[in-house]
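Colleague: Pasting in a structure now, in structure tokens, and then I'll have a few things to ask.
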Amino acid sequence: MAEETTPTWEDVARIYGRKIYNFAYRLTGNPDDAADLVQEVLLRVRKGLASYVPGSFDGWLWRITRNAFLDGVRKKNRRPTSPLPDDDRNILGASPSPDEVLASVRLSDDIQAALLKVPLDFRECVVLCDVVGLTYEEISEAIEAPVGTVRSRIHRGRKMLRELLTWPL
Amino acid sequence: MAVVKSSSSCETVELVSAYLDGELQPGELDIVVEHLGECVRCIAEFHQLKEIRAALRTLPYLEIPDRLLPDTHPGEQLSAYLDGQLDTTEHDFVLSHIDFCTDCRLELHELDAARTAIRSLPGLEAPEFLEVHRERVERERWTRRRVAAAGVGIAAAAAIVFAAFGPAAQPVGDLDINPFLDQHQARVSVEPGINFVPALAPAGGAP
């Protein structure tokens with residue numbers, strides 16, 4: 001989207017709605033929560049567009065999206081995500097059977113389940129990078145953290161996922 | 001920013017994800033490549049991260065429920081899209097919408113086919129009866145000029161001529177059909193308005 005143009009909230013809904021929904025779904029693993037987040041984000045966009053100064057629209061939008069998600073987490077007082085246990089064996093369990101290894105149709109479910117076990121700070125960076133497709137710089141704007149922090153979180157988030165998933169994929 | 005103190009410390013492994021994403025800072029690429037050439041542990045890490053990254057990027061891209069969107073389908077914008085008449089925002093919307101909406105993708109293909117068919121109509125020769133009318137009109141004009149020039153003395157003769165040709169020719173006597181014939185030429189080639197009509201098969205996939 002051109003930086004000089006301020007879109008209407010309908011434009012935002014049409015162009016970004018699906019991305020926001022996928023971001024929300026991958027973070028929450030729940031279609032209802034994802035839908036709630038999309039509605040909340042669009043509401044905030046509608047209010048915020050009046051005072052929006054044309055610039056990095058994507059950074060502005062994803063910052064709103066992330067803040068809406070975090071507010072939703074706080075409001076619902078969900079069970080907080082936990083850091084990975086020190087002992088990976090508790091997660092990995094017994095060695096997978098050949099059938100399990102070959103059950104590639106369940107891969108996306110497995111990845112989704114593993115994503116939800118990754119601490120939020122790392123999960124959001126991985127999702128913004130690999131699902132939404134933002135650059136490190138854009139993620140940096142969205143989460144209001146240095147690019148170096150983004151880089152570290154993406155790397156560590158992926159490592160956590162790798163350790164959580166049956167290997168090889 | 002991660003700092004690589006030495007290759008033996010394997011701190012370079014922190015850069016492997018950025019390497020995969022093409023997000024290394026200037027000067028870091030050589031360090032990573034050199035280190036990957038000599039560190040078995042980091043090579044293994046590289047392959048594992050590459051695989052998990054690929055798996056994440058091939059997760060199904062979900063469709064947003066229609067109820068969350070203000071106006072789900074582009075409708076009339078599809079024809080304007082084909083003609084290259086949308087502004088940037090509208091164009092982006094249509095492109096992103098047809099990427100996942102099978103119905104609109106199908107409608108776009110139908111509109112494109114209809115548009116191409118219409119624009120491929122051959123130019124037509126004027127029907128024979130129109131040529132007859134054209135000749136009669138020309139003849140009538142010539143006659144009127146001659147009548148005016150002949151003066152009152154041959155008014156009776158002019159009246160006979162008018163009686164012979166006038167009544168039948170009157171309906172088209174004042175009608176100049178040449179502009180209509182010219183405008184009847186259909187456009188043969190399809191003008192370049194668009195450069196992308198997606199395949200009908202559902203797209204999906206990560207952006």
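By convention in this document, the chains of the structure tokens carry letters A, B, ... by their order, each chain's residues are numbered from 1, and ligands are numbered from 1 in the order they are shown.
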Taking only C-alpha atoms into account, produce a table as a Markdown table in which each residue of chain A with an atom at most 7 Å from an atom of chain B appears once, together with its shortest atom pair and the distance in Å to one decimal, ordered by chain and rising number.
Modeller:
```
| residue | atom | partner | partner_atom | distance |
| --- | --- | --- | --- | --- |
| A:Met1 | CA | B:Thr89 | CA | 6.8 |
| A:Glu10 | CA | B:Pro70 | CA | 6.1 |
| A:Ala13 | CA | B:Leu69 | CA | 5.9 |
| A:Arg14 | CA | B:Phe93 | CA | 6.1 |
| A:Ile15 | CA | B:Phe93 | CA | 5.2 |
| A:Gly17 | CA | B:Ile64 | CA | 7.0 |
| A:Arg18 | CA | B:Ile64 | CA | 5.2 |
| A:Tyr21 | CA | B:Ile64 | CA | 6.0 |
| A:Asn22 | CA | B:Leu62 | CA | 6.1 |
| A:Gln39 | CA | B:Leu68 | CA | 6.7 |
| A:Ser108 | CA | B:Leu59 | CA | 5.8 |
| A:Asp130 | CA | B:Arg57 | CA | 5.3 |
| A:Val131 | CA | B:Arg57 | CA | 6.0 |
| A:Gly133 | CA | B:Pro207 | CA | 6.7 |
| A:Gly148 | CA | B:Met1 | CA | 4.4 |
| A:Arg151 | CA | B:Ala18 | CA | 6.4 |
| A:Ser152 | CA | B:Glu14 | CA | 6.7 |
| A:His155 | CA | B:Ser17 | CA | 5.2 |
| A:Arg158 | CA | B:Leu49 | CA | 6.6 |
| A:Lys159 | CA | B:Leu49 | CA | 6.8 |
| A:Arg162 | CA | B:Ile52 | CA | 6.2 |
```
Colleague: I'd like the neighbourhood of Leu49 of chain A as a PyMOL selection string, where a residue qualifies if any of its atoms comes within 8 Å (using only C-alpha atoms), though same-chain residues fewer than 6 positions away should be ignored.
Modeller: chain A and resi 6+8-9
Colleague: Take atom CA of Cys104 of chain B and atom CA of Tyr25 of chain A and report the distance between them in Å, one decimal.
Modeller: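 About the pair atom CA of Cys104 of chain B and atom CA of Tyr25 of chain A: they are 24.6 Å apart.
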Colleague: Pick out the residues sitting within 8 Å of Arg153 of chain A, and hand them over as an MDAnalysis selection string; count only C-alpha atoms, and ignore anything fewer than 4 positions along from it in its own chain.
Modeller: chainID A and resid 121:122 125:126 149 157
Colleague: Go ahead and write the residues just picked, N, CA and C atoms, as a short mmCIF file (atom, residue, chain, number, x, y, z; two decimals), in the first residue's frame.
Modeller:
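File again.cif, as written:
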```cif
data_model
loop_
_atom_site.label_atom_id
_atom_site.label_comp_id
_atom_site.auth_asym_id
_atom_site.auth_seq_id
_atom_site.Cartn_x
_atom_site.Cartn_y
_atom_site.Cartn_z
N ASP A 121 6.43 -14.09 23.60
CA ASP A 121 7.38 -13.16 22.99
C ASP A 121 8.05 -13.76 21.76
N PHE A 122 8.35 -15.05 21.84
CA PHE A 122 9.02 -15.72 20.73
C PHE A 122 8.01 -16.12 19.66
N CYS A 125 6.96 -13.30 17.27
CA CYS A 125 7.98 -12.95 16.28
C CYS A 125 8.05 -14.01 15.17
N VAL A 126 7.96 -15.27 15.56
CA VAL A 126 7.99 -16.35 14.57
C VAL A 126 6.78 -16.25 13.65
N THR A 149 16.79 -7.80 18.82
CA THR A 149 15.90 -8.59 19.68
C THR A 149 14.98 -9.47 18.83
N GLY A 157 12.83 -18.92 18.93
CA GLY A 157 11.48 -19.47 18.77
C GLY A 157 11.46 -20.67 17.84
#
```
